[in-house]
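query_5.cif follows; it contains mmCIF, C-alpha atoms.
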data_coords
#
loop_
_atom_site.label_atom_id
_atom_site.label_comp_id
_atom_site.auth_asym_id
_atom_site.auth_seq_id
_atom_site.Cartn_x
_atom_site.Cartn_y
_atom_site.Cartn_z
CA MET P 278 101.66 84.99 39.28
CA PHE P 279 103.02 81.71 40.72
CA LYS P 280 105.05 83.59 43.28
CA GLY P 281 101.91 85.39 44.52
CA PHE P 282 99.97 82.13 44.54
CA THR P 283 102.71 80.48 46.61
CA MET P 284 102.73 83.36 49.09
CA ASN P 285 98.94 83.15 49.42
CA MET P 286 99.13 79.43 50.07
CA LEU P 287 101.86 79.97 52.65
CA GLY P 288 99.71 82.67 54.26
CA MET P 289 96.68 80.36 54.50
CA ALA P 290 98.84 77.62 55.95
CA ALA P 291 100.14 80.01 58.59
CA ILE P 292 96.60 81.08 59.49
CA ASN P 293 95.46 77.47 59.80
CA THR P 294 98.48 76.65 61.96
CA LEU P 295 97.79 79.61 64.26
CA ALA P 296 94.13 78.67 64.58
CA ALA P 297 94.99 75.06 65.43
CA ALA P 298 97.56 76.16 67.99
CA ALA P 299 95.05 78.50 69.60
CA LEU P 300 92.52 75.71 69.96
CA THR P 301 95.17 73.39 71.44
CA LEU P 302 96.23 75.98 74.01
CA GLY P 303 92.63 76.94 74.86
CA ILE P 304 93.12 80.46 73.50
CA PRO P 305 90.10 81.92 71.62
CA ALA P 306 90.84 81.92 67.92
CA THR P 307 91.02 85.39 66.39
CA VAL P 308 90.63 84.15 62.82
CA GLU P 309 87.00 83.83 61.69
CA SER P 310 85.64 82.71 58.35
CA ALA P 311 83.68 85.14 56.20
CA ALA P 312 80.60 82.92 56.53
CA ALA P 313 80.83 82.97 60.32
CA ARG P 314 81.26 86.72 60.36
CA GLN P 315 78.17 87.12 58.17
CA GLU P 316 76.18 84.78 60.45
CA ASN P 317 77.08 86.77 63.55
CA THR P 318 76.47 90.19 62.04
CA GLN P 319 73.12 91.76 62.98
CA PRO P 320 71.62 94.94 61.46
CA ALA P 321 72.62 98.08 63.37
CA SER P 322 68.92 98.93 63.72
CA PRO P 323 65.62 97.47 62.49
CA ILE P 324 64.82 98.06 58.84
CA VAL P 325 62.03 100.53 58.10
CA HIS P 326 59.88 99.85 55.05
CA TYR P 327 58.20 102.66 53.13
CA ARG P 328 55.00 101.29 51.64
CA SER P 329 51.74 102.33 50.04
CA ALA P 330 48.29 100.77 50.11
CA GLU P 331 45.27 101.55 47.94
CA VAL P 332 42.39 102.34 50.28
CA ASN P 333 38.99 103.47 48.99
CA GLY P 334 40.62 104.67 45.79
CA LEU P 335 43.36 106.58 47.63
CA ASN P 336 47.07 105.89 47.82
CA ILE P 337 47.92 105.74 51.54
CA PHE P 338 51.61 105.96 52.37
CA TYR P 339 52.87 104.34 55.55
CA ARG P 340 56.04 103.42 57.37
CA GLU P 341 56.32 99.92 58.77
CA ALA P 342 59.00 98.21 60.82
CA GLY P 343 59.48 95.38 63.27
CA PRO P 344 58.27 91.78 63.38
CA LYS P 345 54.69 91.37 62.18
CA ASP P 346 53.92 88.77 64.84
CA ALA P 347 54.82 91.23 67.62
CA PRO P 348 52.30 93.57 69.31
CA THR P 349 51.49 96.58 67.12
CA VAL P 350 52.13 100.21 68.01
CA LEU P 351 50.13 102.55 65.76
CA LEU P 352 51.65 106.03 65.46
CA LEU P 353 49.15 108.71 64.41
CA HIS P 354 50.60 112.05 63.43
CA GLY P 355 49.50 115.63 63.99
CA PHE P 356 49.20 118.88 62.05
CA PRO P 357 51.02 120.02 59.98
CA SER P 358 53.19 116.92 59.93
CA SER P 359 52.99 113.32 58.72
CA SER P 360 54.53 109.97 59.60
CA PHE P 361 57.83 111.81 59.10
CA GLN P 362 57.49 113.07 62.67
CA TYR P 363 58.09 109.50 63.89
CA ARG P 364 61.16 108.84 61.73
CA ASN P 365 63.44 108.53 64.77
CA LEU P 366 61.03 106.70 67.07
CA ILE P 367 60.08 103.94 64.64
CA PRO P 368 63.43 102.07 64.51
CA VAL P 369 63.78 102.28 68.30
CA LEU P 370 60.40 100.67 68.94
CA ALA P 371 60.72 98.21 66.06
CA ALA P 372 63.38 96.22 67.89
CA ARG P 373 60.53 94.66 69.90
CA TYR P 374 57.25 95.76 68.32
CA HIS P 375 55.43 95.91 65.01
CA VAL P 376 55.25 99.64 64.25
CA ILE P 377 52.89 101.27 61.75
CA ALA P 378 52.73 104.99 60.91
CA PRO P 379 50.36 106.08 58.10
CA ASP P 380 49.92 109.48 56.46
CA TYR P 381 46.32 110.71 56.38
CA PRO P 382 44.80 111.82 53.07
CA GLY P 383 46.04 115.35 52.38
CA PHE P 384 49.22 114.82 54.41
CA GLY P 385 52.70 113.50 53.74
CA ARG P 386 52.95 111.20 50.74
CA SER P 387 49.34 110.01 50.76
CA SER P 388 46.84 111.08 48.12
CA ALA P 389 45.58 114.63 48.49
CA PRO P 390 42.45 114.94 46.33
CA ASP P 391 40.90 118.36 45.92
CA HIS P 392 38.71 119.37 48.84
CA THR P 393 35.71 119.63 46.53
CA ALA P 394 36.10 115.93 45.64
CA PHE P 395 36.96 114.52 49.07
CA ALA P 396 35.40 115.56 52.37
CA TYR P 397 38.23 116.52 54.71
CA THR P 398 36.59 115.74 58.02
CA PHE P 399 38.00 113.86 60.98
CA THR P 400 35.34 111.21 60.57
CA HIS P 401 36.42 110.68 56.97
CA LEU P 402 40.12 110.54 57.91
CA THR P 403 39.20 107.92 60.50
CA ASP P 404 37.23 105.96 57.90
CA VAL P 405 40.35 105.77 55.74
CA VAL P 406 42.69 104.79 58.59
CA ASP P 407 40.17 102.18 59.78
CA ALA P 408 39.92 100.66 56.28
CA PHE P 409 43.70 100.81 55.94
CA LEU P 410 44.21 98.83 59.16
CA ASP P 411 41.71 96.21 58.01
CA GLN P 412 43.50 95.94 54.69
CA ILE P 413 46.90 95.28 56.29
CA ASP P 414 45.23 92.98 58.86
CA VAL P 415 46.07 94.87 62.04
CA LYS P 416 43.49 93.88 64.66
CA SER P 417 44.92 95.30 67.89
CA TYR P 418 47.26 98.15 68.74
CA THR P 419 48.66 100.53 71.27
CA LEU P 420 47.73 103.99 70.01
CA TYR P 421 50.32 106.78 70.01
CA ILE P 422 48.31 109.97 69.52
CA GLN P 423 49.63 113.49 69.00
CA ASP P 424 47.63 116.58 67.94
CA TYR P 425 45.33 115.44 65.04
CA GLY P 426 46.26 111.89 65.97
CA ALA P 427 44.07 112.24 69.07
CA PRO P 428 40.68 112.73 67.33
CA VAL P 429 41.55 110.13 64.69
CA GLY P 430 42.86 107.59 67.19
CA LEU P 431 40.11 108.12 69.74
CA ARG P 432 37.45 107.77 67.05
CA LEU P 433 39.06 104.42 66.22
CA ALA P 434 38.89 103.55 69.92
CA LEU P 435 35.16 104.30 70.02
CA ARG P 436 34.59 102.09 66.98
CA HIS P 437 36.78 99.21 68.16
CA PRO P 438 37.39 99.49 71.90
CA GLU P 439 38.46 95.84 72.06
CA ARG P 440 41.39 96.53 69.73
CA VAL P 441 43.06 99.14 71.95
CA THR P 442 45.81 97.63 74.10
CA GLY P 443 47.00 100.98 75.42
CA LEU P 444 47.35 104.71 74.84
CA ILE P 445 50.44 106.89 74.56
CA VAL P 446 49.31 110.52 74.58
CA GLN P 447 51.76 113.21 73.51
CA ASN P 448 50.10 116.63 73.30
CA GLY P 449 46.91 115.08 71.97
CA ASN P 450 43.86 116.78 73.44
CA ALA P 451 40.57 115.25 74.58
CA TYR P 452 39.34 117.87 77.08
CA LYS P 453 38.04 121.42 76.90
CA ASP P 454 40.71 122.23 79.49
CA GLY P 455 43.18 122.06 76.60
CA ILE P 456 41.28 124.49 74.36
CA GLN P 457 42.51 127.91 75.46
CA ASP P 458 43.73 131.22 73.97
CA PHE P 459 45.37 129.77 70.84
CA TRP P 460 41.98 128.47 69.70
CA LYS P 461 40.05 131.76 69.80
CA PRO P 462 40.29 132.46 66.01
CA VAL P 463 39.33 128.84 65.30
CA GLU P 464 36.35 129.08 67.64
CA ASP P 465 35.31 132.26 65.80
CA LEU P 466 35.23 130.22 62.58
CA TRP P 467 33.17 127.49 64.25
CA ALA P 468 30.65 130.05 65.44
CA ASP P 469 30.54 132.01 62.18
CA PRO P 470 32.00 130.15 59.17
CA THR P 471 32.44 133.19 56.93
CA ALA P 472 35.14 133.60 54.30
CA ALA P 473 36.67 136.36 56.43
CA ASN P 474 36.97 134.13 59.51
CA ARG P 475 38.31 131.31 57.35
CA ASN P 476 40.96 133.54 55.82
CA VAL P 477 42.17 134.70 59.25
CA LEU P 478 43.41 131.15 59.82
CA ARG P 479 45.65 131.21 56.75
CA LYS P 480 48.37 132.66 58.98
CA VAL P 481 48.63 129.22 60.64
CA LEU P 482 49.79 127.87 57.27
CA THR P 483 52.73 130.26 56.92
CA PRO P 484 56.42 129.32 57.32
CA GLU P 485 56.69 131.50 60.43
CA LEU P 486 53.86 129.68 62.22
CA THR P 487 55.05 126.24 61.14
CA LYS P 488 58.49 126.94 62.58
CA TRP P 489 56.90 128.43 65.71
CA GLN P 490 54.99 125.20 66.34
CA TYR P 491 58.28 123.33 66.58
CA LEU P 492 60.28 125.85 68.58
CA ASN P 493 57.78 127.51 70.91
CA GLY P 494 58.34 126.26 74.43
CA VAL P 495 61.66 124.62 73.57
CA LYS P 496 64.55 125.63 75.82
CA ASP P 497 67.32 124.60 73.42
CA PRO P 498 66.29 125.15 69.77
CA THR P 499 69.54 123.57 68.56
CA ARG P 500 68.06 120.20 69.50
CA VAL P 501 65.27 120.54 66.92
CA ASP P 502 66.08 119.48 63.37
CA PRO P 503 65.12 122.36 61.00
CA ASP P 504 64.21 119.75 58.38
CA THR P 505 61.01 119.22 60.37
CA TRP P 506 59.36 122.54 59.65
CA MET P 507 60.89 122.77 56.17
CA HIS P 508 59.44 119.35 55.33
CA ASP P 509 56.00 120.29 56.63
CA GLN P 510 55.95 123.67 54.92
CA THR P 511 56.82 122.18 51.55
CA LEU P 512 53.75 119.97 51.79
CA LEU P 513 51.52 122.77 53.09
CA ASP P 514 52.53 124.88 50.10
CA ARG P 515 51.22 122.37 47.54
CA PRO P 516 48.46 123.87 45.36
CA GLY P 517 45.10 123.33 47.04
CA ASN P 518 46.47 122.11 50.35
CA ASP P 519 45.48 125.35 52.04
CA GLN P 520 41.80 124.55 51.42
CA ILE P 521 42.29 121.05 52.83
CA GLN P 522 43.74 122.40 56.05
CA LEU P 523 41.12 125.14 56.39
CA ASP P 524 38.37 122.54 55.99
CA LEU P 525 39.93 120.52 58.83
CA PHE P 526 40.23 123.61 61.06
CA TYR P 527 36.49 124.11 60.68
CA ASP P 528 35.69 120.44 61.23
CA TYR P 529 37.76 120.33 64.41
CA ARG P 530 34.61 121.50 66.22
CA THR P 531 33.26 117.95 65.80
CA ASN P 532 36.16 116.65 67.87
CA VAL P 533 35.26 118.92 70.78
CA ALA P 534 31.68 117.69 70.54
CA LEU P 535 32.97 114.12 70.94
CA TYR P 536 35.08 114.86 74.02
CA PRO P 537 32.39 113.49 76.39
CA GLU P 538 32.37 110.21 74.43
CA PHE P 539 36.17 109.99 74.51
CA GLN P 540 36.10 110.58 78.24
CA ALA P 541 33.42 107.91 78.73
CA PHE P 542 35.73 105.49 76.90
CA PHE P 543 38.55 106.31 79.33
CA ARG P 544 36.26 105.71 82.31
CA ALA P 545 34.73 102.51 81.01
CA ARG P 546 37.80 100.82 79.51
CA LYS P 547 40.60 102.39 81.55
CA PRO P 548 43.23 101.43 78.97
CA PRO P 549 46.85 101.48 80.16
CA THR P 550 47.80 105.09 79.45
CA LEU P 551 51.10 106.94 79.32
CA ILE P 552 50.92 110.73 78.98
CA VAL P 553 54.18 112.39 77.88
CA TRP P 554 53.26 116.01 77.29
CA GLY P 555 55.29 119.05 76.36
CA ALA P 556 54.37 121.25 79.32
CA ASN P 557 55.15 124.53 77.53
CA ASP P 558 52.80 123.87 74.61
CA ALA P 559 50.77 126.98 73.75
CA ILE P 560 48.47 125.01 71.42
CA PHE P 561 47.45 122.31 73.89
CA PRO P 562 48.58 123.51 77.33
CA ALA P 563 49.35 121.21 80.23
CA ALA P 564 45.83 121.53 81.65
CA GLY P 565 44.71 119.25 78.83
CA ALA P 566 47.20 116.60 79.95
CA LYS P 567 46.19 116.71 83.62
CA ALA P 568 42.51 116.39 82.70
CA TYR P 569 43.02 112.78 81.56
CA LEU P 570 43.53 111.78 85.19
CA ARG P 571 39.93 112.69 86.02
CA ASP P 572 38.59 109.78 84.00
CA ASN P 573 41.54 107.40 84.25
CA PRO P 574 43.36 108.02 87.55
CA GLN P 575 45.75 105.13 86.81
CA ALA P 576 47.17 106.96 83.80
CA GLU P 577 50.86 107.85 84.09
CA LEU P 578 51.51 111.57 83.58
CA HIS P 579 54.90 113.06 82.73
CA LEU P 580 55.10 116.77 81.95
CA ILE P 581 58.18 117.34 79.81
CA ASP P 582 60.02 120.68 79.62
CA SER P 583 59.25 121.14 75.93
CA GLY P 584 56.60 122.32 73.49
CA HIS P 585 54.06 120.92 71.03
CA PHE P 586 56.44 118.50 69.26
CA ALA P 587 58.22 117.35 72.41
CA LEU P 588 59.58 114.22 70.79
CA GLU P 589 61.83 116.36 68.59
CA ASP P 590 63.97 117.80 71.39
CA LYS P 591 63.27 115.52 74.34
CA ALA P 592 63.40 112.04 72.84
CA ASP P 593 66.14 111.21 75.36
CA GLU P 594 63.52 111.62 78.13
CA ILE P 595 60.42 110.41 76.34
CA VAL P 596 61.66 107.26 74.59
CA PRO P 597 62.77 105.46 77.80
CA LEU P 598 59.34 106.21 79.30
CA ILE P 599 57.66 104.71 76.24
CA GLN P 600 59.89 101.62 76.25
CA ASP P 601 59.23 101.04 79.94
CA PHE P 602 55.48 101.51 79.49
CA LEU P 603 55.27 99.11 76.54
CA GLY P 604 57.46 96.59 78.32
CA ARG P 605 54.99 96.51 81.22
CA THR P 606 51.74 96.60 79.25
CA LEU P 607 52.42 94.48 76.17
CA PRO P 608 53.36 90.78 76.06
CA ASN P 609 56.79 89.76 74.87
CA ARG P 610 56.83 88.16 71.46
#
Please express what this file holds, its structure, as structure tokens.
Amino acid sequence: MFKGFTMNMLGMAAINTLAAAALTLGIPATVESAAARQENTQPASPIVHYRSAEVNGLNIFYREAGPKDAPTVLLLHGFPSSSFQYRNLIPVLAARYHVIAPDYPGFGRSSAPDHTAFAYTFTHLTDVVDAFLDQIDVKSYTLYIQDYGAPVGLRLALRHPERVTGLIVQNGNAYKDGIQDFWKPVEDLWADPTAANRNVLRKVLTPELTKWQYLNGVKDPTRVDPDTWMHDQTLLDRPGNDQIQLDLFYDYRTNVALYPEFQAFFRARKPPTLIVWGANDAIFPAAGAKAYLRDNPQAELHLIDSGHFALEDKADEIVPLIQDFLGRTLPNR
């Protein structure tokens, strides 16, 4: 034991001597204390928190990251996904911004009450997101809207136009130009809401169609994580979730009815807008992206060689565009 102790003492003495000699000779010391190393070590990436809030009797799950005193970026997900779709984007943006991504009722890890007990309409989803934002004291935000995120986010914009600091639109429709062939069976349900027309849409809830939504229009499928459609399908397959989604398919007609109001918002407010749109999307084709320029000609449009969930395979193109846009339109903390 004493021999080891002596060797340790000799070793420390040697280290101290080397450090002193280095300082004398003007050579940077290579020996650093554990405390100094800990002080200089920064996290490899911002920490993401996985939280829940009770809103109107519902448990609303959300992902949060970044400094709370920084400008907020609100990420609103599409169908059939959840905040999971932003799992890779959140830590990238959180280096400079406060990032929030909630799951709507009936999606992800949020409460999913039976459709007979909770009205699954886009107005009601917006009510919950609106109350959620008030509860966590978020008063302004850049909206990132994709798919269902567009009608939810743009309803928020109509309610609180002063809160919107900008828009990032990724395959989130607000024009009839974007409602084409894919929507024919849904339009049949809107026109004639029979059980037969409702049941036709069950095919959209199948594993084949969920996977198709991620891979259609994608040139290199190996860039898309298969966990995406497996994650979504697991949640779609929960008992009763089919009725939730079918209710929302029918209610989507109310979004189309609001398109003129959304467009009036674009004309009147002209929020800074970045459009990064998967050009090969069969659900919301590129015509829906180009239409935004009619009401906000200053919007920046980038058609990406991808499909509906373009962020999954083309993040290397999209993320730099988002970072540049936010850097120009939001104040530094």
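Coordinates place CA of Gly555 in chain P at a distance of 7.2 Å from CA of Phe586 in chain P.
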Any idea what's packed within 10 Å of Pro549 in chain P, counting all atoms listed in the file, ignoring anything in its chain fewer than 6 positions away? Could you give it as a VMD selection string?
chain P and resid 419 441 to 445 543 573 575 to 577 602 to 603 605 to 607
May I have the centre and edge lengths, in Å to one decimal, of an axis-aligned box around the listed atoms of range 384-403 of chain P with 3 Å added to every side, as JSON?
{"center_x": 44.1, "center_y": 113.8, "center_z": 53.3, "size_x": 23.6, "size_y": 17.7, "size_z": 21.3}
Any idea what's packed within 10 Å of Lys488 in chain P, counting all atoms listed in the file, ignoring anything in its chain fewer than 2 positions away? Could you give it as a PyMOL selection string?
chain P and resi 483-486+490-493+503+505-507+509-510
If you apply the PyMOL selection byres ((chain P and resi 410) around 12) to this file, what residues do you get, as a ChimeraX atom specification?
/P:330-332,337,339,349-351,377-379,403-409,411-418,430,433,437,440
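If you measure from each of P:Gln423, P:Asn518, P:Ser322, P:Asn450 to Ser388 in chain P using all atoms listed in the file, the closest one turns out to be P:Asn518.
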List the neighbours of Ala556 in chain P out to 10 Å using all atoms listed in the file; skip same-chain residues closer than 5 positions along the sequence, and give me the result as number ranges by chain.
P: 448, 494-495, 561-566, 579-585, 587
Pick the closest to Val596 in chain P from P:Leu370, P:Leu523, P:Ala396, P:Val463: which is it, counting all atoms listed in the file?
P:Leu370
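All residues of protein, DNA or RNA that reach within 7 Å of Asp380 in chain P, judged by all atoms listed in the file and not counting those fewer than 3 positions away in the chain, are P:Ile337, P:Phe338, P:Tyr339, P:Ser359, P:Ser360, P:Phe384, P:Gly385, P:Arg386, P:Ser387.
Proximity to Arg475 in chain P was assessed for P:Gln520, P:Gln362, P:Gln600, P:Thr398 counting only C-alpha atoms; the smallest distance is recorded for P:Gln520.
Once the PyMOL selection byres ((chain P and resi 526) around 9) is applied to the shown structure, the selection contains Val463, Leu466, Trp467, Arg475, Leu478, Ile521, Gln522, Leu523, Asp524, Leu525, Tyr527, Asp528, Tyr529 and Arg530 of chain P.
Between Pro344 in chain P and the candidates P:Glu439, P:Val325, P:Phe356, P:Arg373, the tightest atom-to-atom separation, counting only C-alpha atoms, involves P:Arg373.
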